[in-house]
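So this one's work_35.cif, mmCIF, C-alpha atoms:
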data_my_file
#
loop_
_atom_site.label_atom_id
_atom_site.label_comp_id
_atom_site.auth_asym_id
_atom_site.auth_seq_id
_atom_site.Cartn_x
_atom_site.Cartn_y
_atom_site.Cartn_z
CA MET B 1 -53.11 -176.61 -30.50
CA ASN B 2 -51.70 -173.97 -28.21
CA GLU B 3 -51.71 -170.83 -30.37
CA ARG B 4 -51.53 -167.32 -29.02
CA SER B 5 -54.77 -165.39 -29.12
CA LEU B 6 -55.18 -163.03 -32.06
CA GLN B 7 -54.87 -159.31 -31.48
CA GLU B 8 -58.04 -157.40 -32.19
CA PRO B 9 -56.92 -155.72 -35.47
CA THR B 10 -55.77 -159.12 -36.79
CA PHE B 11 -59.03 -160.73 -35.72
CA LEU B 12 -61.02 -157.99 -37.45
CA ILE B 13 -58.97 -158.21 -40.67
CA LEU B 14 -59.53 -161.98 -40.84
CA THR B 15 -63.21 -161.43 -40.09
CA ALA B 16 -63.44 -158.86 -42.90
CA LEU B 17 -61.87 -161.35 -45.31
CA ALA B 18 -64.17 -164.16 -44.15
CA ALA B 19 -66.92 -162.45 -46.19
CA GLY B 20 -64.84 -162.71 -49.38
CA ALA B 21 -61.79 -161.20 -51.09
CA GLN B 22 -61.26 -157.49 -50.39
CA HIS B 23 -58.66 -154.85 -51.24
CA GLY B 24 -56.79 -152.74 -48.65
CA TYR B 25 -59.19 -149.83 -48.51
CA GLY B 26 -62.16 -152.22 -48.46
CA ILE B 27 -60.68 -154.01 -45.45
CA MET B 28 -60.13 -150.66 -43.68
CA THR B 29 -63.76 -149.56 -44.08
CA ASP B 30 -65.11 -153.04 -43.29
CA VAL B 31 -63.07 -153.27 -40.07
CA ALA B 32 -64.41 -149.87 -39.00
CA GLN B 33 -67.94 -151.09 -39.71
CA ILE B 34 -67.55 -154.47 -37.96
CA SER B 35 -66.17 -152.78 -34.84
CA GLY B 36 -68.87 -150.13 -34.85
CA GLY B 37 -66.31 -147.42 -35.63
CA ARG B 38 -64.22 -148.30 -32.57
CA VAL B 39 -61.24 -149.71 -34.50
CA ARG B 40 -59.97 -147.59 -37.34
CA LEU B 41 -56.98 -149.15 -39.06
CA ARG B 42 -54.49 -146.85 -40.72
CA ALA B 43 -52.47 -147.83 -43.78
CA GLY B 44 -49.22 -148.48 -41.86
CA THR B 45 -50.87 -150.81 -39.36
CA LEU B 46 -53.00 -152.48 -42.04
CA TYR B 47 -50.11 -153.31 -44.36
CA ALA B 48 -47.82 -154.44 -41.54
CA ALA B 49 -50.64 -156.85 -40.59
CA LEU B 50 -51.38 -157.94 -44.18
CA ASP B 51 -47.70 -158.58 -44.77
CA ARG B 52 -47.38 -160.66 -41.61
CA LEU B 53 -50.58 -162.61 -42.28
CA THR B 54 -49.40 -163.35 -45.82
CA ALA B 55 -46.06 -164.57 -44.47
CA GLU B 56 -47.93 -166.78 -41.99
CA GLN B 57 -50.05 -168.06 -44.91
CA LEU B 58 -53.28 -167.09 -43.17
CA ILE B 59 -54.23 -164.88 -46.13
CA GLU B 60 -53.14 -164.74 -49.77
CA VAL B 61 -53.48 -162.49 -52.80
CA ASP B 62 -56.68 -163.23 -54.69
CA HIS B 63 -56.31 -160.96 -57.71
CA GLU B 64 -55.19 -157.49 -58.75
CA GLU B 65 -56.87 -154.76 -60.74
CA ILE B 66 -56.12 -151.20 -61.81
CA VAL B 67 -58.73 -148.60 -60.84
CA ASP B 68 -58.08 -144.95 -61.85
CA THR B 69 -54.42 -145.80 -62.59
CA ARG B 70 -54.05 -147.20 -59.08
CA LEU B 71 -53.20 -150.78 -58.20
CA ARG B 72 -55.74 -152.64 -56.10
CA ARG B 73 -54.68 -155.96 -54.68
CA TYR B 74 -57.41 -158.20 -53.30
CA TYR B 75 -56.69 -160.55 -50.42
CA ARG B 76 -58.58 -163.66 -49.38
CA LEU B 77 -58.56 -165.99 -46.41
CA THR B 78 -56.62 -169.24 -46.89
CA PRO B 79 -57.94 -172.53 -45.43
CA PRO B 80 -55.41 -172.30 -42.51
CA GLY B 81 -56.53 -168.65 -42.05
CA ALA B 82 -60.17 -169.74 -41.83
CA GLN B 83 -59.21 -172.46 -39.33
CA ARG B 84 -57.27 -169.95 -37.24
CA LEU B 85 -60.21 -167.55 -37.21
CA ALA B 86 -62.62 -170.37 -36.31
CA ALA B 87 -60.37 -171.45 -33.43
CA GLU B 88 -60.24 -167.86 -32.19
CA VAL B 89 -64.03 -167.51 -32.44
CA GLU B 90 -64.39 -170.72 -30.40
CA ARG B 91 -61.94 -169.46 -27.77
CA LEU B 92 -63.70 -166.11 -27.47
CA ARG B 93 -67.08 -167.81 -27.35
CA ALA B 94 -65.95 -170.16 -24.55
CA ASN B 95 -64.50 -167.26 -22.53
CA ALA B 96 -67.59 -165.15 -23.10
CA SER B 97 -70.00 -167.90 -22.03
CA VAL B 98 -68.04 -168.55 -18.80
CA ALA B 99 -68.03 -164.81 -18.11
CA ALA B 100 -71.76 -164.57 -18.83
CA ARG B 101 -72.58 -167.55 -16.55
CA ARG B 102 -70.55 -166.11 -13.68
CA LEU B 103 -72.05 -162.67 -14.13
CA ALA B 104 -75.50 -164.23 -14.04
CA LEU B 105 -74.63 -165.96 -10.77
CA LEU B 106 -73.28 -162.69 -9.39
CA THR B 107 -76.36 -160.71 -10.29
CA GLY B 108 -78.52 -163.63 -9.10
CA THR B 109 -76.96 -163.58 -5.61
CA ALA B 110 -76.69 -159.80 -5.32
CA MET Y 1 -54.64 -131.51 -58.65
CA SER Y 2 -51.33 -130.07 -57.50
CA GLY Y 3 -52.51 -130.52 -53.92
CA GLY Y 4 -53.13 -134.19 -54.60
CA SER Y 5 -49.77 -134.74 -56.26
CA ALA Y 6 -47.98 -132.88 -53.43
CA LEU Y 7 -49.75 -135.14 -50.94
CA GLU Y 8 -48.84 -138.21 -52.95
CA ARG Y 9 -45.21 -137.08 -53.06
CA ARG Y 10 -45.19 -136.65 -49.29
CA TYR Y 11 -46.74 -140.05 -48.75
CA GLY Y 12 -44.08 -141.43 -51.08
CA ARG Y 13 -41.38 -139.94 -48.87
CA LEU Y 14 -42.90 -141.58 -45.80
CA LEU Y 15 -43.14 -144.91 -47.61
CA SER Y 16 -39.41 -144.73 -48.33
CA CYS Y 17 -38.98 -145.74 -44.65
CA TYR Y 18 -40.07 -149.26 -45.64
CA PRO Y 19 -37.58 -151.91 -46.78
CA ALA Y 20 -37.04 -152.07 -50.55
CA ALA Y 21 -38.62 -155.53 -50.78
CA HIS Y 22 -41.76 -154.30 -49.04
CA ARG Y 23 -41.91 -151.19 -51.26
CA ARG Y 24 -41.69 -153.27 -54.42
CA GLN Y 25 -44.57 -155.37 -53.19
CA HIS Y 26 -46.88 -152.80 -51.58
CA GLU Y 27 -45.89 -149.19 -52.36
CA GLN Y 28 -48.38 -148.55 -55.18
CA GLU Y 29 -51.10 -150.36 -53.31
CA MET Y 30 -50.47 -148.38 -50.10
CA LEU Y 31 -50.35 -145.09 -52.02
CA GLY Y 32 -53.72 -145.98 -53.49
CA VAL Y 33 -55.20 -146.65 -50.03
CA LEU Y 34 -53.66 -143.49 -48.54
CA MET Y 35 -54.91 -141.28 -51.39
CA THR Y 36 -58.39 -142.82 -51.30
CA ASP Y 37 -58.52 -142.28 -47.54
CA ALA Y 38 -57.31 -138.65 -47.81
CA ARG Y 39 -59.73 -135.79 -47.14
CA PRO Y 40 -60.64 -133.59 -50.14
CA GLY Y 41 -58.05 -130.82 -50.46
CA GLN Y 42 -55.65 -132.46 -48.01
CA ARG Y 43 -52.06 -131.43 -48.78
CA ARG Y 44 -50.05 -133.08 -46.03
CA PRO Y 45 -50.13 -136.43 -44.26
CA GLY Y 46 -51.61 -136.08 -40.78
CA LEU Y 47 -49.42 -136.49 -37.72
CA ALA Y 48 -51.10 -139.71 -36.54
CA GLU Y 49 -51.00 -141.10 -40.07
CA SER Y 50 -47.29 -140.29 -40.44
CA ALA Y 51 -46.54 -141.87 -37.07
CA ASP Y 52 -48.54 -144.94 -38.09
CA LEU Y 53 -46.59 -145.30 -41.35
CA ILE Y 54 -43.23 -144.92 -39.59
CA TRP Y 55 -44.29 -147.37 -36.89
CA GLY Y 56 -45.51 -149.77 -39.58
CA ALA Y 57 -42.16 -149.49 -41.37
CA LEU Y 58 -40.36 -150.23 -38.12
CA ARG Y 59 -42.51 -153.30 -37.47
CA VAL Y 60 -41.92 -154.60 -40.97
CA ARG Y 61 -38.18 -154.04 -40.61
CA LEU Y 62 -37.99 -155.73 -37.23
CA ARG Y 63 -39.79 -158.82 -38.47
CA PRO Y 64 -37.43 -161.65 -39.33
CA GLY Y 65 -37.57 -163.34 -42.70
CA LEU Y 66 -39.23 -160.58 -44.70
CA ASP Y 67 -37.05 -160.93 -47.76
CA SER Y 68 -35.22 -164.19 -47.88
CA ALA Y 69 -32.72 -162.83 -50.40
CA ALA Y 70 -31.53 -159.70 -48.62
CA ASP Y 71 -32.54 -160.86 -45.21
CA PRO Y 72 -31.20 -164.25 -44.25
CA GLY Y 73 -32.75 -164.02 -40.78
CA TRP Y 74 -31.43 -163.98 -37.27
CA ARG Y 75 -29.34 -167.12 -37.60
CA ASP Y 76 -27.28 -165.56 -40.37
CA THR Y 77 -27.08 -162.26 -38.49
CA LEU Y 78 -25.67 -164.12 -35.52
CA ALA Y 79 -23.22 -165.90 -37.83
CA VAL Y 80 -21.93 -162.51 -39.04
CA LEU Y 81 -21.90 -161.21 -35.48
CA SER Y 82 -19.72 -164.11 -34.32
CA VAL Y 83 -17.04 -162.78 -36.71
CA VAL Y 84 -17.63 -159.04 -36.41
CA LEU Y 85 -17.85 -158.83 -32.61
CA PRO Y 86 -14.35 -160.06 -31.69
CA LEU Y 87 -12.91 -158.23 -34.70
CA THR Y 88 -14.47 -154.89 -33.71
CA VAL Y 89 -13.35 -155.22 -30.11
CA LEU Y 90 -9.86 -156.22 -31.19
CA LEU Y 91 -9.44 -153.29 -33.58
CA VAL Y 92 -10.70 -150.67 -31.15
CA TYR Y 93 -8.66 -152.05 -28.25
CA ALA Y 94 -5.52 -152.62 -30.30
CA GLY Y 95 -5.60 -149.09 -31.66
CA SER Y 96 -6.15 -147.67 -28.23
CA GLU Y 97 -3.44 -149.74 -26.50
CA ALA Y 98 -0.85 -149.26 -29.24
CA THR Y 99 -1.23 -145.51 -29.37
CA ALA Y 100 -1.38 -145.07 -25.62
CA PHE Y 101 1.79 -147.13 -25.26
CA SER Y 102 3.69 -145.35 -28.04
CA LEU Y 103 2.75 -141.95 -26.58
CA THR Y 104 3.90 -142.68 -23.04
CA LEU Y 105 6.58 -145.27 -23.93
CA GLU Y 106 6.04 -146.88 -20.58
CA PRO Y 107 3.40 -149.13 -19.08
CA PRO Y 108 0.58 -147.22 -17.38
CA ASP Y 109 0.85 -148.73 -13.89
CA GLY Y 110 4.05 -150.77 -13.96
CA ALA Y 111 4.90 -153.87 -15.97
CA GLY Y 112 2.80 -156.34 -13.97
CA SER Y 113 -0.33 -154.28 -14.29
CA LEU Y 114 0.21 -153.71 -18.01
CA LEU Y 115 0.48 -157.44 -18.51
CA LEU Y 116 -2.80 -158.00 -16.71
CA TYR Y 117 -4.37 -155.20 -18.68
CA LEU Y 118 -3.22 -156.54 -22.02
CA ALA Y 119 -4.36 -160.02 -21.02
CA ALA Y 120 -7.82 -158.69 -20.35
CA SER Y 121 -8.15 -156.29 -23.25
CA LEU Y 122 -6.08 -157.56 -26.19
CA ALA Y 123 -5.35 -161.25 -25.88
CA VAL Y 124 -9.01 -162.18 -25.57
CA PRO Y 125 -10.31 -160.51 -28.73
CA LEU Y 126 -7.11 -161.56 -30.54
CA LEU Y 127 -7.62 -165.21 -29.64
CA LEU Y 128 -11.31 -165.17 -30.51
CA THR Y 129 -10.71 -163.33 -33.79
CA ALA Y 130 -8.11 -165.95 -34.76
CA LEU Y 131 -10.48 -168.81 -33.92
CA VAL Y 132 -13.42 -167.38 -35.85
CA LEU Y 133 -11.24 -166.53 -38.86
CA LEU Y 134 -10.07 -170.16 -38.78
CA ARG Y 135 -13.81 -171.05 -38.78
CA LEU Y 136 -13.37 -173.15 -35.64
CA ARG Y 137 -16.86 -172.74 -34.27
CA ARG Y 138 -16.75 -175.30 -31.48
CA THR Y 139 -13.26 -174.34 -30.27
CA ALA Y 140 -14.23 -170.67 -30.34
CA ALA Y 141 -17.35 -171.42 -28.28
CA LEU Y 142 -15.37 -173.41 -25.72
CA ALA Y 143 -12.70 -170.68 -25.54
CA THR Y 144 -15.38 -168.00 -25.10
CA ALA Y 145 -16.98 -169.87 -22.23
CA GLY Y 146 -13.60 -170.47 -20.57
CA LEU Y 147 -12.54 -166.85 -21.01
CA MET Y 148 -15.82 -165.64 -19.57
CA ILE Y 149 -15.08 -167.43 -16.32
CA ALA Y 150 -11.37 -166.55 -16.31
CA ILE Y 151 -11.85 -162.84 -16.97
CA THR Y 152 -14.56 -162.45 -14.40
CA ALA Y 153 -12.28 -164.08 -11.81
CA ALA Y 154 -9.22 -162.11 -12.95
CA SER Y 155 -11.05 -158.79 -12.90
CA LEU Y 156 -12.07 -159.40 -9.32
CA ILE Y 157 -8.41 -159.90 -8.41
CA GLN Y 158 -7.48 -156.92 -10.61
CA ALA Y 159 -9.81 -154.64 -8.72
CA GLY Y 160 -7.09 -154.19 -6.11
CA VAL Y 161 -4.39 -153.50 -8.75
CA ILE Y 162 -5.91 -151.21 -11.37
CA GLY Y 163 -8.87 -149.75 -9.52
CA LEU Y 164 -12.49 -150.73 -9.31
CA GLY Y 165 -13.65 -148.73 -12.37
CA ASN Y 166 -11.39 -150.48 -14.86
CA ALA Y 167 -11.96 -153.85 -13.23
CA LEU Y 168 -15.71 -153.41 -13.51
CA GLU Y 169 -15.31 -152.47 -17.14
CA ALA Y 170 -13.36 -155.68 -17.77
CA ALA Y 171 -15.95 -157.74 -15.89
CA ALA Y 172 -18.81 -156.09 -17.76
CA PHE Y 173 -16.96 -156.77 -21.01
CA ALA Y 174 -16.66 -160.42 -20.08
CA GLY Y 175 -20.29 -160.54 -19.09
CA PHE Y 176 -21.83 -158.82 -22.09
CA VAL Y 177 -19.44 -159.27 -25.03
CA LEU Y 178 -18.50 -162.86 -24.33
CA VAL Y 179 -22.04 -163.94 -23.50
CA LEU Y 180 -23.20 -162.45 -26.80
CA GLU Y 181 -20.31 -164.06 -28.68
CA LEU Y 182 -21.11 -167.42 -27.13
CA ALA Y 183 -24.77 -167.04 -28.05
CA ALA Y 184 -23.80 -166.03 -31.61
CA LEU Y 185 -21.54 -169.06 -31.96
CA LEU Y 186 -24.05 -171.54 -30.57
CA ALA Y 187 -27.27 -170.21 -32.12
CA SER Y 188 -25.95 -169.64 -35.65
CA PRO Y 189 -24.40 -171.78 -38.39
CA GLY Y 190 -21.09 -170.29 -37.18
CA PRO Y 191 -18.21 -168.17 -38.48
CA ARG Y 192 -17.94 -170.17 -41.70
CA ARG Y 193 -21.36 -168.88 -42.74
CA GLY Y 194 -20.61 -165.41 -41.34
CA LEU Y 195 -17.49 -165.10 -43.47
CA GLN Y 196 -19.41 -166.36 -46.48
CA ILE Y 197 -21.97 -163.56 -46.04
CA LEU Y 198 -19.33 -160.89 -45.64
CA SER Y 199 -18.08 -161.41 -49.15
CA ARG Y 200 -14.33 -161.56 -49.59
CA ARG Y 201 -13.73 -158.32 -51.38
CA TYR Y 202 -15.50 -156.14 -48.85
CA ARG Y 203 -14.11 -158.09 -45.94
CA MET Y 204 -10.62 -157.11 -47.06
CA LEU Y 205 -11.65 -153.49 -47.49
CA VAL Y 206 -13.22 -153.38 -44.04
CA ALA Y 207 -10.24 -155.08 -42.41
CA ALA Y 208 -7.70 -152.76 -44.04
CA VAL Y 209 -9.49 -149.50 -43.31
CA ALA Y 210 -10.69 -150.57 -39.87
CA ALA Y 211 -7.11 -151.43 -38.87
CA ALA Y 212 -6.03 -147.89 -39.73
CA VAL Y 213 -9.03 -146.36 -38.03
CA GLY Y 214 -8.57 -148.62 -35.01
CA ALA Y 215 -5.12 -147.13 -34.51
CA ALA Y 216 -6.55 -143.64 -34.84
CA THR Y 217 -9.12 -144.50 -32.18
CA GLY Y 218 -6.23 -144.82 -29.74
CA LEU Y 219 -5.08 -141.26 -30.50
CA SER Y 220 -8.45 -139.82 -29.62
CA THR Y 221 -8.99 -142.09 -26.62
CA PRO Y 222 -6.05 -141.57 -24.28
CA HIS Y 223 -7.98 -142.94 -21.30
CA PRO Y 224 -8.76 -146.65 -21.65
CA GLY Y 225 -12.19 -146.04 -20.16
CA TRP Y 226 -13.21 -144.00 -23.21
CA ARG Y 227 -13.16 -146.91 -25.57
CA LEU Y 228 -16.41 -148.57 -24.67
CA PRO Y 229 -18.47 -145.38 -24.34
CA ALA Y 230 -17.10 -144.42 -27.77
CA ALA Y 231 -18.08 -147.76 -29.22
CA ALA Y 232 -21.53 -147.54 -27.60
CA LEU Y 233 -22.30 -144.20 -29.20
CA VAL Y 234 -21.04 -145.53 -32.50
CA ALA Y 235 -23.33 -148.50 -32.33
CA THR Y 236 -26.29 -146.27 -31.54
CA ILE Y 237 -25.58 -143.86 -34.40
CA ALA Y 238 -24.93 -146.72 -36.75
CA ILE Y 239 -28.29 -148.36 -36.00
CA GLY Y 240 -29.96 -145.20 -37.27
CA MET Y 241 -27.89 -145.36 -40.43
CA ALA Y 242 -28.45 -149.03 -41.13
CA VAL Y 243 -31.76 -148.73 -42.93
CA ALA Y 244 -31.13 -150.55 -46.20
CA SER Y 245 -30.30 -154.04 -45.04
CA PRO Y 246 -32.26 -155.86 -42.34
CA LEU Y 247 -29.15 -157.91 -41.65
CA SER Y 248 -26.97 -154.90 -40.88
CA ARG Y 249 -29.69 -153.36 -38.74
CA ARG Y 250 -30.01 -156.52 -36.69
CA LEU Y 251 -26.28 -156.84 -36.45
CA LEU Y 252 -25.91 -153.34 -35.07
CA VAL Y 253 -28.73 -153.81 -32.59
CA LEU Y 254 -26.87 -156.87 -31.32
CA LEU Y 255 -23.53 -155.03 -31.29
CA ALA Y 256 -25.05 -152.22 -29.27
CA ILE Y 257 -26.02 -154.61 -26.46
CA PRO Y 258 -22.55 -155.24 -25.00
CA PHE Y 259 -21.29 -151.75 -25.70
CA CYS Y 260 -24.27 -149.91 -24.22
CA SER Y 261 -24.40 -152.22 -21.23
CA THR Y 262 -20.68 -151.90 -20.55
CA THR Y 263 -20.88 -148.14 -20.92
CA LEU Y 264 -23.64 -148.01 -18.37
CA VAL Y 265 -21.50 -149.97 -15.92
CA PHE Y 266 -18.54 -147.73 -16.65
CA VAL Y 267 -20.44 -144.46 -16.30
CA LEU Y 268 -22.10 -145.60 -13.10
CA SER Y 269 -18.85 -146.82 -11.56
CA SER Y 270 -16.48 -144.10 -12.63
CA GLN Y 271 -16.20 -140.37 -13.40
CA LEU Y 272 -18.54 -138.95 -16.02
CA PRO Y 273 -16.77 -138.17 -19.32
CA ALA Y 274 -16.42 -134.63 -20.68
CA PRO Y 275 -18.75 -134.28 -23.68
CA VAL Y 276 -16.29 -132.79 -26.15
CA SER Y 277 -13.54 -135.37 -25.79
CA GLY Y 278 -16.23 -138.01 -25.77
CA ALA Y 279 -17.51 -136.81 -29.14
CA VAL Y 280 -14.00 -136.77 -30.61
CA ALA Y 281 -13.37 -140.23 -29.23
CA CYS Y 282 -16.39 -141.57 -31.07
CA LEU Y 283 -15.46 -140.39 -34.57
CA PRO Y 284 -13.02 -143.13 -35.58
CA SER Y 285 -15.34 -145.88 -34.42
CA VAL Y 286 -18.20 -144.29 -36.35
CA VAL Y 287 -16.13 -144.82 -39.49
CA ILE Y 288 -15.54 -148.48 -38.62
CA SER Y 289 -19.24 -149.08 -38.12
CA CYS Y 290 -20.13 -147.33 -41.37
CA LEU Y 291 -17.68 -149.50 -43.27
CA VAL Y 292 -19.16 -152.65 -41.78
CA ILE Y 293 -22.64 -151.48 -42.78
CA VAL Y 294 -21.54 -150.69 -46.34
CA ALA Y 295 -19.80 -154.05 -46.64
CA ILE Y 296 -22.82 -156.01 -45.44
CA ARG Y 297 -25.23 -154.01 -47.56
CA ARG Y 298 -23.20 -154.63 -50.67
CA SER Y 299 -22.88 -158.31 -49.89
CA ALA Y 300 -26.63 -158.56 -49.29
CA ARG Y 301 -27.32 -156.70 -52.54
CA THR Y 302 -25.08 -159.04 -54.51
CA GLN Y 303 -26.84 -162.02 -52.94
CA ALA Y 304 -30.27 -160.49 -53.60
CA ALA Y 305 -29.37 -159.94 -57.28
CA ALA Y 306 -28.13 -163.51 -57.58
CA THR Y 307 -31.30 -164.87 -55.96
CA ALA Y 308 -33.50 -162.66 -58.17
CA GLU Y 309 -31.75 -164.08 -61.23
CA ASP Y 310 -32.28 -167.59 -59.93
CA SER Y 311 -35.98 -167.05 -59.31
CA ALA Y 312 -36.37 -165.32 -62.70
CA GLU Y 313 -34.90 -168.40 -64.31
CA ARG Y 314 -37.25 -170.63 -62.34
CA ASP Y 315 -40.24 -168.52 -63.43
#

As structure tokens, please, write out the structure in this file.
Amino acid sequence: MNERSLQEPTFLILTALAAGAQHGYGIMTDVAQISGGRVRLRAGTLYAALDRLTAEQLIEVDHEEIVDTRLRRYYRLTPPGAQRLAAEVERLRANASVAARRLALLTGTA
Amino acid sequence: MSGGSALERRYGRLLSCYPAAHRRQHEQEMLGVLMTDARPGQRRPGLAESADLIWGALRVRLRPGLDSAADPGWRDTLAVLSVVLPLTVLLVYAGSEATAFSLTLEPPDGAGSLLLYLAASLAVPLLLTALVLLRLRRTAALATAGLMIAITAASLIQAGVIGLGNALEAAAFAGFVLVLELAALLASPGPRRGLQILSRRYRMLVAAVAAAVGAATGLSTPHPGWRLPAAALVATIAIGMAVASPLSRRLLVLLAIPFCSTTLVFVLSSQLPAPVSGAVACLPSVVISCLVIVAIRRSARTQAAATAEDSAERD
């Protein structure tokens, strides 16, 4: 499988949904928390991503509810979405371990 | 609470940048997120937030296959383009040539040169228009490829006869318009599908009015070199206007490629146009573009309604 690497916001959205179904605002706050406040998704970026991920069938609508007259739509990871995230985790892990080994050698010889 | 409702109204205005299909799906949900995320007492969307919403809308609009009913994707856009491109070029050139000729009543640089000029500017779009209207996809593609080679060669010979500027314009036309037409013919289901999308009624309306406007274009573009810059500006303005149908937006982006590129060649190789006459020259073509947009939008809407009915029945 030769898929392009996920962009960080996409990776973080999928990671947020890996914990269970969440609504838009929940994903926004979770992504901020996962990234230690470094990535703050805004509504435009979030919904462009959610829309694309739904079209790619990596996520799907779980359920909807009305809270204070406002619609909340919950999204969940699909099995292909979970696979895609797992593949990305593996890719990042492999890259990171190579980088760590080489850095260790560098600091070892320095 | 009036602050909150004013903020919600302003967010609503920003969300109107999104395609209708996306709004139906996500507008209430996005409003909910935006209002939850708003600071207490906030009355206006922040600058970064507004930019993010507009950028998000642009990304959604530029993504192919958002709404399969109103947005048949790039292949269908190219199918429409294969019909619209030669037709647009033909109408603008025909109007320009006819009016210039009737005003002067004599060929611009002698009979031989006029013949060459007409061969380069009128016969080509006329032939291609005829082929696409006859739905002859393969013949049209072969003709386009042949013409591409012939015009490039002819314009090199012409350079000595009609001057380098006009010859470059013709060569650029061959390079950009014909390459795009060839791509449209080869990468799409072809003119048959294109004509199907441009539903009959609106096709007639566009053809009739565009013919009249095409002639008027000639009146406002006495110098042949004005035509492509005029068309380029038109395409650019029209892109901004084409917000309702993803198909028309894509179509105009594609149309802008040959016109903008040719204009660049023309401006670089020849004298810079005076702004006022340039603006006047653009008006008729603006009308043509608007008509095409309206026609495609209406066709798309009709199709969308039909598909919605179908899916309602299935549900």

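In terms of minimum interatomic distance to B:Gly36, B:Leu12 ranks closest within B:Leu105, B:Ile59, B:Ala19, B:Leu12, counting only C-alpha atoms.
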
#### Entry: Explicit residue set for the PyMOL selection byres ((chain Y) within 9 of (chain B)), as an MDAnalysis selection string
chainID Y and resid 22 26 28:34 36:37 48:57 59:60 63 65:66

### Query
If I put a ball of radius 10 Å at (-60.6, -161.8, -53.4) in the file's coordinates, which residues poke into it when counting all atoms listed in the file, written as a PyMOL selection string?
chain B and resi 17+19-23+60-64+73-77

### Message
Just to confirm, what's the straight-line distance from atom CA of B:Ala18 to atom CA of Y:Arg61 in Å (one decimal)?
### Response
28.1 Å

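Pairwise distance (atom CA of Y:Glu181, atom CA of Y:Val83) equals 8.8 Å.
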
### atom CA of Y:Gly46 to atom CA of Y:Glu27, straight-line distance in Å
18.4 Å

Using all atoms listed in the file, can you list as an mmCIF file with C-alpha atoms, in the coordinates of the input the residues within 9 Å of (-18.2, -168.8, -41.7)?
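Full text of part10.cif as output:
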data_model
loop_
_atom_site.group_PDB
_atom_site.id
_atom_site.type_symbol
_atom_site.label_atom_id
_atom_site.label_comp_id
_atom_site.auth_asym_id
_atom_site.auth_seq_id
_atom_site.Cartn_x
_atom_site.Cartn_y
_atom_site.Cartn_z
ATOM 1 C CA ALA Y 79 -23.220 -165.900 -37.830
ATOM 2 C CA VAL Y 80 -21.930 -162.510 -39.040
ATOM 3 C CA SER Y 82 -19.720 -164.110 -34.320
ATOM 4 C CA VAL Y 83 -17.040 -162.780 -36.710
ATOM 5 C CA VAL Y 132 -13.420 -167.380 -35.850
ATOM 6 C CA LEU Y 133 -11.240 -166.530 -38.860
ATOM 7 C CA LEU Y 134 -10.070 -170.160 -38.780
ATOM 8 C CA ARG Y 135 -13.810 -171.050 -38.780
ATOM 9 C CA LEU Y 136 -13.370 -173.150 -35.640
ATOM 10 C CA ARG Y 137 -16.860 -172.740 -34.270
ATOM 11 C CA PRO Y 189 -24.400 -171.780 -38.390
ATOM 12 C CA GLY Y 190 -21.090 -170.290 -37.180
ATOM 13 C CA PRO Y 191 -18.210 -168.170 -38.480
ATOM 14 C CA ARG Y 192 -17.940 -170.170 -41.700
ATOM 15 C CA ARG Y 193 -21.360 -168.880 -42.740
ATOM 16 C CA GLY Y 194 -20.610 -165.410 -41.340
ATOM 17 C CA LEU Y 195 -17.490 -165.100 -43.470
ATOM 18 C CA GLN Y 196 -19.410 -166.360 -46.480
ATOM 19 C CA ILE Y 197 -21.970 -163.560 -46.040
ATOM 20 C CA LEU Y 198 -19.330 -160.890 -45.640
#

#### Entry: Distance criterion (only C-alpha atoms): nearest to B:Val39 out of B:Leu58, B:Thr15, B:Glu8, B:Val98
B:Glu8
